[in-house]
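Engineer: Following this line is structure-v3.txt, made up of compact mmCIF, C-alpha atoms and all ligand atoms:
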```txt
# COMPACT_ATOMS: atom_id res chain seq x y z
CA MET A 8 -14.52 15.79 -7.71
CA SER A 9 -14.26 13.45 -4.79
CA SER A 10 -15.91 10.03 -4.99
CA VAL A 11 -15.46 9.30 -1.32
CA ILE A 12 -18.53 7.90 0.45
CA ALA A 13 -19.77 9.59 3.62
CA ILE A 14 -18.40 8.23 6.90
CA ASN A 15 -20.65 9.38 9.72
CA THR A 16 -20.69 6.48 12.17
CA ALA A 17 -18.36 3.71 13.34
CA GLU A 18 -20.58 1.30 11.36
CA ASP A 19 -19.92 3.33 8.19
CA ALA A 20 -16.18 3.10 8.85
CA THR A 21 -16.32 -0.67 9.33
CA THR A 22 -18.56 -1.10 6.25
CA LEU A 23 -16.10 0.89 4.16
CA ALA A 24 -13.19 -1.16 5.51
CA LYS A 25 -15.09 -4.37 4.69
CA ALA A 26 -15.98 -3.35 1.13
CA ASN A 27 -14.06 -5.01 -1.71
CA THR A 28 -13.75 -2.87 -4.83
CA LEU A 29 -10.94 -2.44 -7.33
CA LEU A 30 -9.66 0.49 -5.28
CA THR A 31 -10.00 -0.68 -1.66
CA PRO A 32 -7.41 -2.73 0.26
CA ARG A 33 -8.12 -6.46 0.39
CA PHE A 34 -7.35 -9.31 2.77
CA TYR A 35 -5.31 -12.18 1.35
CA ARG A 36 -4.85 -15.88 1.88
CA THR A 37 -2.18 -17.96 0.24
CA ASN A 38 -0.67 -21.42 0.11
CA ASN A 39 1.72 -21.41 3.04
CA ASP A 40 3.64 -24.53 1.91
CA ALA A 41 5.56 -22.37 -0.53
CA PHE A 42 6.87 -20.32 2.39
CA ASP A 43 8.07 -23.53 4.08
CA GLU A 44 10.01 -24.43 0.97
CA ILE A 45 12.01 -21.20 0.69
CA ASP A 46 15.69 -22.09 1.03
CA LEU A 47 17.36 -19.12 2.69
CA THR A 48 20.90 -20.53 2.34
CA PRO A 49 21.96 -18.20 -0.51
CA VAL A 50 20.74 -15.11 1.38
CA ARG A 51 21.55 -16.24 4.92
CA ALA A 52 23.79 -13.28 5.82
CA GLU A 53 21.25 -10.68 4.67
CA PHE A 54 18.41 -12.57 6.31
CA ASP A 55 20.16 -12.82 9.68
CA ALA A 56 21.09 -9.12 9.63
CA LEU A 57 17.48 -8.23 8.91
CA MET A 58 16.21 -10.45 11.72
CA ALA A 59 18.62 -8.76 14.12
CA GLU A 60 17.02 -5.42 13.17
CA PHE A 61 13.54 -6.82 13.74
CA SER A 62 14.59 -8.24 17.07
CA SER A 63 16.11 -4.94 18.26
CA ASP A 64 12.66 -3.39 17.64
CA SER A 65 13.73 0.25 17.40
CA ASN A 66 10.11 1.41 17.10
CA ARG A 67 8.95 -0.38 20.25
CA ASN A 68 7.91 2.84 21.95
CA HIS A 69 7.13 4.89 18.87
CA PHE A 70 3.44 4.09 18.46
CA GLU A 71 2.25 5.68 21.65
CA ARG A 72 0.34 8.88 21.75
CA ASN A 73 1.59 11.63 23.99
CA ALA A 74 0.23 14.96 25.18
CA GLU A 75 1.77 16.66 22.15
CA PHE A 76 -0.28 14.40 19.89
CA THR A 77 -3.59 15.11 21.57
CA ALA A 78 -2.90 18.84 21.78
CA GLN A 79 -2.54 19.06 18.01
CA ILE A 80 -5.90 17.54 17.11
CA ARG A 81 -8.12 20.20 15.59
CA GLU A 82 -11.48 20.58 13.92
CA LEU A 83 -11.34 20.10 10.11
CA PRO A 84 -13.53 21.59 7.37
CA PRO A 85 -16.22 19.01 6.38
CA ALA A 86 -14.88 18.08 2.92
CA LEU A 87 -11.33 17.64 4.19
CA ARG A 88 -12.62 15.74 7.20
CA GLN A 89 -14.40 13.24 4.91
CA GLU A 90 -11.37 12.62 2.74
CA PHE A 91 -9.08 12.38 5.73
CA LEU A 92 -11.41 9.81 7.31
CA ASP A 93 -11.47 7.88 4.03
CA PHE A 94 -7.67 7.99 4.02
CA LEU A 95 -7.52 6.73 7.63
CA VAL A 96 -10.03 3.94 7.00
CA SER A 97 -8.23 2.70 3.89
CA SER A 98 -4.88 2.98 5.71
CA VAL A 99 -6.09 1.04 8.75
CA THR A 100 -7.52 -1.64 6.43
CA ALA A 101 -4.24 -1.92 4.51
CA GLU A 102 -2.16 -2.08 7.70
CA PHE A 103 -4.48 -4.66 9.24
CA SER A 104 -4.50 -6.66 6.01
CA GLY A 105 -0.73 -7.08 6.44
CA CYS A 106 -1.21 -8.06 10.06
CA VAL A 107 -3.80 -10.71 9.17
CA LEU A 108 -1.72 -12.16 6.32
CA TYR A 109 1.54 -12.28 8.26
CA SER A 110 -0.01 -13.79 11.38
CA ASP A 111 -1.83 -16.36 9.24
CA ILE A 112 1.42 -17.43 7.56
CA LYS A 113 3.19 -17.42 10.92
CA ARG A 114 0.59 -19.76 12.38
CA ARG A 115 0.75 -22.24 9.53
CA VAL A 116 4.40 -22.50 8.49
CA LYS A 117 6.88 -24.91 10.05
CA ASN A 118 10.03 -23.16 8.81
CA GLN A 119 11.22 -21.41 11.98
CA ASP A 120 12.98 -18.55 10.14
CA ILE A 121 9.84 -17.65 8.23
CA LYS A 122 7.68 -18.11 11.33
CA ASP A 123 9.83 -15.64 13.28
CA LEU A 124 9.95 -13.15 10.41
CA MET A 125 6.17 -13.21 9.98
CA GLY A 126 5.76 -12.76 13.73
CA TYR A 127 7.86 -9.59 13.67
CA MET A 128 6.02 -8.15 10.69
CA ALA A 129 2.60 -8.98 12.17
CA ARG A 130 3.72 -7.23 15.38
CA ASP A 131 4.59 -4.06 13.45
CA GLU A 132 1.39 -4.03 11.38
CA ALA A 133 -0.77 -4.59 14.46
CA ARG A 134 0.86 -1.53 16.03
CA HIS A 135 0.33 0.52 12.87
CA ALA A 136 -3.32 -0.47 12.55
CA GLY A 137 -3.96 0.14 16.25
CA PHE A 138 -2.32 3.55 16.06
CA ILE A 139 -4.47 4.69 13.12
CA ASN A 140 -7.56 3.28 14.78
CA GLN A 141 -6.93 5.47 17.82
CA SER A 142 -7.17 8.51 15.57
CA LEU A 143 -10.40 7.19 14.09
CA LYS A 144 -11.65 6.71 17.65
CA ASP A 145 -11.15 10.46 18.26
CA PHE A 146 -13.81 10.96 15.61
CA GLY A 147 -15.94 8.22 17.22
CA LEU A 148 -15.26 6.09 14.14
CA ALA A 149 -12.91 3.26 15.10
CA VAL A 150 -13.05 0.30 12.72
CA ASP A 151 -14.03 -3.01 14.35
CA LEU A 152 -10.89 -4.96 13.48
CA GLY A 153 -12.03 -8.22 15.10
CA PHE A 154 -15.21 -8.17 13.03
CA LEU A 155 -13.19 -7.33 9.93
CA ARG A 156 -10.87 -10.29 10.45
CA LYS A 157 -13.88 -12.62 10.65
CA ASP A 158 -16.19 -11.05 8.08
CA LYS A 159 -14.17 -9.40 5.32
CA LYS A 160 -13.89 -11.50 2.20
CA TYR A 161 -10.45 -13.04 1.63
CA THR A 162 -8.85 -13.10 -1.79
CA TYR A 163 -6.65 -16.09 -2.61
CA PHE A 164 -3.31 -15.24 -4.17
CA ALA A 165 -0.69 -17.80 -5.22
CA PRO A 166 2.48 -17.40 -3.12
CA LYS A 167 4.52 -15.74 -5.85
CA PHE A 168 1.80 -13.16 -6.39
CA ILE A 169 1.79 -12.50 -2.64
CA MET A 170 5.54 -11.91 -2.93
CA TYR A 171 5.23 -9.39 -5.77
CA ALA A 172 2.15 -7.61 -4.43
CA THR A 173 3.18 -7.45 -0.80
CA TYR A 174 6.73 -6.37 -1.60
CA LEU A 175 5.32 -3.55 -3.70
CA SER A 176 2.76 -2.45 -1.17
CA GLU A 177 5.44 -2.30 1.57
CA LYS A 178 7.79 -0.21 -0.56
CA ILE A 179 4.94 2.01 -1.75
CA GLY A 180 3.85 2.39 1.86
CA TYR A 181 7.37 3.57 2.69
CA ALA A 182 7.45 5.95 -0.29
CA ARG A 183 4.02 7.41 0.52
CA TYR A 184 4.72 7.98 4.20
CA ILE A 185 8.18 9.47 3.65
CA SER A 186 6.98 11.78 0.84
CA ILE A 187 4.22 13.18 3.04
CA TYR A 188 6.60 13.50 5.96
CA ARG A 189 9.18 15.41 3.88
CA GLN A 190 6.50 17.70 2.48
CA LEU A 191 5.34 18.58 6.00
CA GLU A 192 8.90 18.99 7.20
CA ARG A 193 9.23 21.73 4.55
CA ASN A 194 5.76 23.14 5.29
CA PRO A 195 4.97 22.49 8.97
CA GLU A 196 1.93 24.81 8.85
CA ARG A 197 0.31 22.22 6.56
CA ARG A 198 0.38 19.50 9.20
CA PHE A 199 -3.33 19.51 9.96
CA HIS A 200 -3.21 16.32 12.04
CA PRO A 201 -0.50 15.01 14.41
CA ILE A 202 -0.47 11.51 12.89
CA PHE A 203 1.70 12.77 10.02
CA HIS A 204 4.44 13.56 12.52
CA TRP A 205 4.72 9.82 13.26
CA PHE A 206 5.35 8.86 9.62
CA GLU A 207 9.14 9.13 9.58
CA ARG A 208 9.95 6.31 11.98
CA TRP A 209 6.82 4.46 10.90
CA CYS A 210 7.92 4.27 7.27
CA ASN A 211 11.16 2.57 8.29
CA ASP A 212 9.07 -0.40 9.42
CA GLU A 213 7.46 -0.59 5.98
CA PHE A 214 10.84 -0.27 4.32
CA ARG A 215 12.16 -3.18 6.39
CA HIS A 216 9.11 -5.32 5.56
CA GLY A 217 9.85 -4.68 1.90
CA GLU A 218 13.46 -5.77 2.49
CA ALA A 219 12.18 -9.07 3.89
CA PHE A 220 10.28 -9.80 0.69
CA ALA A 221 13.22 -8.68 -1.46
CA ILE A 222 15.45 -11.17 0.37
CA MET A 223 12.86 -13.97 0.07
CA MET A 224 12.49 -13.32 -3.65
CA ARG A 225 16.24 -13.14 -4.27
CA ALA A 226 16.41 -16.58 -2.61
CA GLN A 227 14.05 -17.81 -5.36
CA PRO A 228 15.63 -16.49 -8.60
CA LYS A 229 12.98 -18.26 -10.68
CA LEU A 230 10.45 -15.69 -9.49
CA LEU A 231 12.52 -12.95 -11.12
CA THR A 232 13.30 -14.44 -14.53
CA GLY A 233 11.62 -15.72 -17.71
CA TYR A 234 7.88 -15.24 -18.06
CA ASN A 235 7.63 -14.15 -14.43
CA LYS A 236 8.97 -10.79 -15.60
CA LEU A 237 5.59 -10.36 -17.31
CA TRP A 238 3.86 -10.91 -13.96
CA ILE A 239 6.16 -8.39 -12.30
CA ARG A 240 5.26 -5.77 -14.90
CA PHE A 241 1.59 -6.57 -14.43
CA PHE A 242 1.73 -6.13 -10.65
CA VAL A 243 3.76 -2.93 -10.76
CA LEU A 244 1.39 -1.38 -13.28
CA ALA A 245 -1.72 -2.55 -11.41
CA VAL A 246 -0.63 -1.13 -8.06
CA PHE A 247 0.65 2.11 -9.57
CA ALA A 248 -2.54 2.67 -11.55
CA THR A 249 -4.75 1.85 -8.55
CA MET A 250 -2.88 4.28 -6.36
CA TYR A 251 -3.02 7.03 -8.97
CA VAL A 252 -6.77 6.71 -9.49
CA ARG A 253 -7.48 6.53 -5.76
CA ASP A 254 -5.29 9.49 -4.88
CA HIS A 255 -6.93 11.64 -7.55
CA ALA A 256 -10.26 11.07 -5.81
CA ARG A 257 -8.92 12.98 -2.76
CA PRO A 258 -8.38 16.58 -3.91
CA GLU A 259 -9.10 18.11 -0.49
CA LEU A 260 -6.59 15.94 1.32
CA HIS A 261 -3.78 16.68 -1.13
CA GLY A 262 -4.73 20.35 -1.28
CA ALA A 263 -4.52 20.63 2.52
CA LEU A 264 -1.09 18.98 2.51
CA GLY A 265 0.00 21.36 -0.24
CA LEU A 266 0.59 18.42 -2.58
CA ASP A 267 -0.35 18.11 -6.21
CA ALA A 268 -1.72 14.54 -6.46
CA THR A 269 0.03 13.92 -9.79
CA GLU A 270 3.41 15.19 -8.64
CA TYR A 271 3.09 13.38 -5.32
CA ASP A 272 2.22 10.11 -7.04
CA TYR A 273 5.13 10.38 -9.46
CA GLU A 274 7.46 11.04 -6.56
CA VAL A 275 6.11 7.88 -4.90
CA PHE A 276 6.52 5.97 -8.20
CA ARG A 277 10.12 7.18 -8.54
CA ILE A 278 11.08 6.17 -4.99
CA THR A 279 9.32 2.82 -5.32
CA THR A 280 10.93 2.16 -8.70
CA ALA A 281 14.38 2.97 -7.31
CA CYS A 282 13.73 0.49 -4.47
CA THR A 283 12.54 -2.24 -6.81
CA THR A 284 15.83 -2.34 -8.72
CA GLN A 285 17.11 -4.45 -5.79
CA VAL A 286 14.87 -7.29 -6.89
CA PHE A 287 12.95 -6.68 -10.12
CA PRO A 288 14.91 -6.90 -13.40
CA VAL A 289 12.28 -4.73 -15.14
CA THR A 290 10.93 -1.29 -14.25
CA LEU A 291 8.28 0.89 -15.88
CA ASP A 292 9.21 3.91 -17.98
CA LEU A 293 7.60 6.56 -15.76
CA GLU A 294 8.44 9.43 -18.11
CA HIS A 295 6.85 7.88 -21.19
CA PRO A 296 4.13 10.30 -22.41
CA VAL A 297 1.76 7.40 -23.17
CA PHE A 298 2.18 6.13 -19.61
CA ARG A 299 1.43 9.53 -18.13
CA ALA A 300 -1.57 10.16 -20.39
CA GLY A 301 -2.87 6.62 -19.78
CA LEU A 302 -3.01 7.10 -16.02
CA ASP A 303 -5.01 10.29 -16.51
CA THR A 304 -7.41 8.47 -18.83
CA LEU A 305 -7.88 5.72 -16.24
CA THR A 306 -8.65 8.38 -13.65
CA ALA A 307 -11.24 10.01 -15.93
CA ILE A 308 -12.80 6.59 -16.59
CA SER A 309 -13.03 5.95 -12.86
CA VAL A 310 -14.79 9.30 -12.30
CA ALA A 311 -17.22 8.53 -15.16
CA THR A 312 -17.85 5.06 -13.72
CA THR A 313 -18.78 6.55 -10.35
CA ALA A 314 -21.22 8.89 -12.13
CA ALA A 315 -22.71 6.00 -14.14
CA LYS A 316 -23.14 3.99 -10.94
CA ALA A 317 -25.00 6.91 -9.38
CA GLN A 318 -27.17 7.23 -12.51
CA GLY A 319 -28.20 3.55 -12.23
CA GLY A 320 -30.74 1.82 -14.50
CA ILE A 321 -30.00 0.26 -17.89
CA GLY A 322 -28.37 3.47 -19.14
CA GLY A 323 -25.95 3.55 -16.21
CA LEU A 324 -25.20 -0.14 -16.60
CA LEU A 325 -24.45 0.20 -20.33
CA LYS A 326 -22.18 3.14 -19.68
CA ARG A 327 -20.31 1.18 -17.04
CA GLY A 328 -19.84 -1.71 -19.46
CA VAL A 329 -18.36 0.56 -22.12
CA LEU A 330 -16.13 2.27 -19.55
CA ALA A 331 -14.86 -1.08 -18.27
CA ILE A 332 -13.88 -2.11 -21.80
CA ARG A 333 -12.11 1.21 -22.32
CA ALA A 334 -10.25 0.88 -19.02
CA THR A 335 -9.07 -2.62 -19.98
CA ALA A 336 -7.84 -1.32 -23.35
CA VAL A 337 -5.93 1.57 -21.74
CA PHE A 338 -4.42 -0.77 -19.17
CA ALA A 339 -3.31 -3.16 -21.93
CA ARG A 340 -1.74 -0.31 -23.87
CA LEU A 341 0.29 0.70 -20.80
CA TYR A 342 1.18 -2.90 -20.08
CA PHE A 343 2.76 -3.36 -23.49
CA LEU A 344 4.92 -0.23 -23.28
CA ARG A 345 8.58 -1.19 -23.38
CA PRO A 346 9.96 -1.54 -19.83
CA GLN A 347 13.47 -0.67 -18.73
CA THR A 348 15.66 -3.66 -17.93
CA HIS A 349 18.76 -4.01 -15.79
CA ALA A 350 20.88 -6.57 -13.99
CA LEU A 351 20.22 -7.20 -10.30
CA PRO A 352 22.82 -5.76 -7.90
CA GLU A 353 24.99 -8.15 -5.93
CA ALA A 354 24.06 -6.58 -2.61
CA ILE A 355 20.33 -7.07 -1.99
CA ARG A 356 19.83 -4.66 0.90
CA MET A 357 19.07 -0.99 0.42
CA ALA A 358 18.94 1.87 2.89
CA PRO A 359 15.88 4.12 3.36
CA VAL A 360 17.61 7.29 2.20
CA TRP A 361 14.71 9.32 0.86
FE FE A 401 2.48 -1.01 8.31
FE FE A 402 4.38 -3.14 6.40
```
Take the structure in the file and write it out as structure tokens.
Ligand SMILES: [Fe+2]
Ligand SMILES: [Fe+2]
Structural biologist:
Amino acid sequence: MSSVIAINTAEDATTLAKANTLLTPRFYRTNNDAFDEIDLTPVRAEFDALMAEFSSDSNRNHFERNAEFTAQIRELPPALRQEFLDFLVSSVTAEFSGCVLYSDIKRRVKNQDIKDLMGYMARDEARHAGFINQSLKDFGLAVDLGFLRKDKKYTYFAPKFIMYATYLSEKIGYARYISIYRQLERNPERRFHPIFHWFERWCNDEFRHGEAFAIMMRAQPKLLTGYNKLWIRFFVLAVFATMYVRDHARPELHGALGLDATEYDYEVFRITTACTTQVFPVTLDLEHPVFRAGLDTLTAISVATTAAKAQGGIGGLLKRGVLAIRATAVFARLYFLRPQTHALPEAIRMAPVW
């Protein structure tokens, strides 16, 4: 059963984009001094090669709509339309969140390398957000990004948490876009909207953004050793669990794409996990039966929480309290599962081969 709220007007779309829940994308602020202090000397060769890629800007002309795009837009059944709109609104918010964070860091840092890098990434995310917003505009539902930048609540994250979380969200973004693209390459009749056709070159931007964070983290080995490995496990689990619960609230969208949400999510987990071996010394055991069952329990708890919210009153509130305690217990159980460990490879960079 979908828990997606109705999006009927542009105001609804902006309200949804502005909302901060456990499952919606947030805007972040951080302490930019830490970015000034990154010493890129040990990763200079990788960093310079990456910056050359950013500067060559191979996707400069990619995010433009053509006649082929417009010709493919069709009417969607109401339930699918709602979930697709929800998907577009949360995607535009996530893309714009990157744009806001990167341009904020760019504005404040003095380190010229980091300033330039953040400028390139903000450029890409602005294009991505603008491109999605054009599709929302077709429905008369463009999100007011200027308003969002001013009015959405910002969450403060310490710089190292920004590193872990942003790295993960970039690599997950890559894995999500490429998995959908490959599915539709195999089943072109499932491509119910032209935007999916843009995902292949698009996801290479996200992959490259992830590379930037991998290089920055490898330049700061302390972030990847000792008790920080506990933080890494926490962030990986939190973003995986959030994605799993959110995707399972969109049965129509996955059905239309011919994807089983569980299989799709595990494919995204596998790709992301393979990517993270470039930088994280610990990875989650995705095949562990307790892990798999735990994610399903968290999904069921989320569905029950939505129902309790709708019920309201003291009864609803009590139920929500109990469900929150259960969710925390399940999360803790998954957190303490034994992770897989490995040594970091000498070469940091990876290629987007999926
Ligand atoms: Fe992006
Ligand atoms: Fe990105």
Engineer: Write out as a Markdown table the residues of chain A that have any atom within 7 Å of an atom of ligand FE 402 (chain A), one row each with the nearest atom pair and its distance in Å to one decimal, counting only C-alpha atoms and all ligand atoms, sorted by chain and then rising number.
Structural biologist:
```
| residue | atom | partner | partner_atom | distance |
| --- | --- | --- | --- | --- |
| A:Glu102 | CA | A:FE402 | FE | 6.8 |
| A:Gly105 | CA | A:FE402 | FE | 6.5 |
| A:Met128 | CA | A:FE402 | FE | 6.8 |
| A:Glu132 | CA | A:FE402 | FE | 5.9 |
| A:Glu177 | CA | A:FE402 | FE | 5.0 |
| A:Asp212 | CA | A:FE402 | FE | 6.2 |
| A:Glu213 | CA | A:FE402 | FE | 4.0 |
| A:His216 | CA | A:FE402 | FE | 5.3 |
```
Engineer: Taking into account only C-alpha atoms, which residue in the set A:Ala226, A:Leu92, A:Val150, A:Val252 is nearest to Thr22 of chain A?
Structural biologist: A:Val150
Engineer: For the contact check between segment 183-260 of chain A and segment 336-356 of chain A, emit one row per residue of segment 183-260 of chain A within 9 Å, containing the shortest atom pair and the distance in Å rounded to one decimal, counting only C-alpha atoms, chain then rising number order, as a Markdown table.
Structural biologist:
```
| residue | atom | partner | partner_atom | distance |
| --- | --- | --- | --- | --- |
| A:Glu218 | CA | A:Arg356 | CA | 6.7 |
| A:Ala221 | CA | A:Ile355 | CA | 7.3 |
| A:Ile222 | CA | A:Ile355 | CA | 6.8 |
| A:Arg225 | CA | A:Ile355 | CA | 7.7 |
| A:Arg240 | CA | A:Tyr342 | CA | 7.2 |
| A:Phe241 | CA | A:Tyr342 | CA | 6.7 |
| A:Leu244 | CA | A:Tyr342 | CA | 7.0 |
| A:Ala245 | CA | A:Phe338 | CA | 8.4 |
| A:Ala248 | CA | A:Phe338 | CA | 8.6 |
```
Engineer: Measuring between all atoms listed in the file, which one of A:Asp120, A:Asp64, A:Asp111, A:Asp93 shows the shortest distance to Arg156 of chain A?
Structural biologist: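 Looking at the shortest contact to Arg156 of chain A, the residue is A:Asp111.
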Engineer: In Å, rounded to a single decimal, give me how far atom CA of Leu148 of chain A is from atom CA of Thr16 of chain A.
Structural biologist: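 Rounded to one decimal, the two atoms are 5.8 Å apart.
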Engineer: Identify, counting all atoms listed in the file, the protein, DNA and RNA residues located within 12 Å of ligand FE 401 (chain A), and give them as a PyMOL selection string.
Structural biologist: chain A and resi 66+70+98-107+109+127-139+173+176-181+183-184+206+208-217
Engineer: Find the residues around segment 29-46 of chain A up to 7 Å (only C-alpha atoms counted), leave out those fewer than 3 positions away in its own chain, and share them as a PyMOL selection string.
Structural biologist: chain A and resi 97+100-101+104+108+112+115-118+160-166+226+249+253
Engineer: Pull C-alpha atoms from the residues just selected and write them as a PDB file, in the frame of the given file.
Structural biologist:
```
ATOM      1  CA  SER A  97      -8.230   2.700   3.890  1.00  0.00           C
ATOM      2  CA  THR A 100      -7.520  -1.640   6.430  1.00  0.00           C
ATOM      3  CA  ALA A 101      -4.240  -1.920   4.510  1.00  0.00           C
ATOM      4  CA  SER A 104      -4.500  -6.660   6.010  1.00  0.00           C
ATOM      5  CA  LEU A 108      -1.720 -12.160   6.320  1.00  0.00           C
ATOM      6  CA  ILE A 112       1.420 -17.430   7.560  1.00  0.00           C
ATOM      7  CA  ARG A 115       0.750 -22.240   9.530  1.00  0.00           C
ATOM      8  CA  VAL A 116       4.400 -22.500   8.490  1.00  0.00           C
ATOM      9  CA  LYS A 117       6.880 -24.910  10.050  1.00  0.00           C
ATOM     10  CA  ASN A 118      10.030 -23.160   8.810  1.00  0.00           C
ATOM     11  CA  LYS A 160     -13.890 -11.500   2.200  1.00  0.00           C
ATOM     12  CA  TYR A 161     -10.450 -13.040   1.630  1.00  0.00           C
ATOM     13  CA  THR A 162      -8.850 -13.100  -1.790  1.00  0.00           C
ATOM     14  CA  TYR A 163      -6.650 -16.090  -2.610  1.00  0.00           C
ATOM     15  CA  PHE A 164      -3.310 -15.240  -4.170  1.00  0.00           C
ATOM     16  CA  ALA A 165      -0.690 -17.800  -5.220  1.00  0.00           C
ATOM     17  CA  PRO A 166       2.480 -17.400  -3.120  1.00  0.00           C
ATOM     18  CA  ALA A 226      16.410 -16.580  -2.610  1.00  0.00           C
ATOM     19  CA  THR A 249      -4.750   1.850  -8.550  1.00  0.00           C
ATOM     20  CA  ARG A 253      -7.480   6.530  -5.760  1.00  0.00           C
TER      21      ARG A 253
END
```
Engineer: So how many Å separate atom CA of Ser110 of chain A and atom CA of Leu143 of chain A, to one decimal?
Structural biologist: 23.6 Å
Engineer: Once you count only C-alpha atoms, which residues end up no further than 12 Å from (0.1, 16.3, 8.8) in the file's frame, shown as a ChimeraX atom specification?
Structural biologist: /A:76,79-81,91,184-207,260-266
Engineer: Using only C-alpha atoms, find all polymer residues with an atom at most 12 Å away from the point (-12.9, 14.4, -5.0); report them as an NGL selection string.
Structural biologist: :A and (8-12 or 86-87 or 89-91 or 93 or 252-262 or 268 or 306-307 or 309-310 or 313)
Engineer: Please save C-alpha atoms of the selected residues as an mmCIF file, in the frame of the given file.
Structural biologist:
```cif
data_model
loop_
_atom_site.group_PDB
_atom_site.id
_atom_site.type_symbol
_atom_site.label_atom_id
_atom_site.label_comp_id
_atom_site.auth_asym_id
_atom_site.auth_seq_id
_atom_site.Cartn_x
_atom_site.Cartn_y
_atom_site.Cartn_z
ATOM 1 C CA MET A 8 -14.520 15.790 -7.710
ATOM 2 C CA SER A 9 -14.260 13.450 -4.790
ATOM 3 C CA SER A 10 -15.910 10.030 -4.990
ATOM 4 C CA VAL A 11 -15.460 9.300 -1.320
ATOM 5 C CA ILE A 12 -18.530 7.900 0.450
ATOM 6 C CA ALA A 86 -14.880 18.080 2.920
ATOM 7 C CA LEU A 87 -11.330 17.640 4.190
ATOM 8 C CA GLN A 89 -14.400 13.240 4.910
ATOM 9 C CA GLU A 90 -11.370 12.620 2.740
ATOM 10 C CA PHE A 91 -9.080 12.380 5.730
ATOM 11 C CA ASP A 93 -11.470 7.880 4.030
ATOM 12 C CA VAL A 252 -6.770 6.710 -9.490
ATOM 13 C CA ARG A 253 -7.480 6.530 -5.760
ATOM 14 C CA ASP A 254 -5.290 9.490 -4.880
ATOM 15 C CA HIS A 255 -6.930 11.640 -7.550
ATOM 16 C CA ALA A 256 -10.260 11.070 -5.810
ATOM 17 C CA ARG A 257 -8.920 12.980 -2.760
ATOM 18 C CA PRO A 258 -8.380 16.580 -3.910
ATOM 19 C CA GLU A 259 -9.100 18.110 -0.490
ATOM 20 C CA LEU A 260 -6.590 15.940 1.320
ATOM 21 C CA HIS A 261 -3.780 16.680 -1.130
ATOM 22 C CA GLY A 262 -4.730 20.350 -1.280
ATOM 23 C CA ALA A 268 -1.720 14.540 -6.460
ATOM 24 C CA THR A 306 -8.650 8.380 -13.650
ATOM 25 C CA ALA A 307 -11.240 10.010 -15.930
ATOM 26 C CA SER A 309 -13.030 5.950 -12.860
ATOM 27 C CA VAL A 310 -14.790 9.300 -12.300
ATOM 28 C CA THR A 313 -18.780 6.550 -10.350
#
```
Engineer: Which residue gives the smallest distance to Val50 of chain A among A:Phe287, A:Trp361, A:Phe220, A:Val246, with all atoms listed in the file counted?
Structural biologist: A:Phe220
Engineer: For Lys229 of chain A, list every protein, DNA or RNA residue within 12 Å, evaluated using only C-alpha atoms, and leave out those in the same chain fewer than 5 positions away; present the list as a list in words.
Structural biologist: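 Residues near the query, excluding close chain neighbours: Ile45, Lys167, Met223, Met224, Tyr234, Asn235, Lys236, Val286, Phe287 and Pro288 of chain A.
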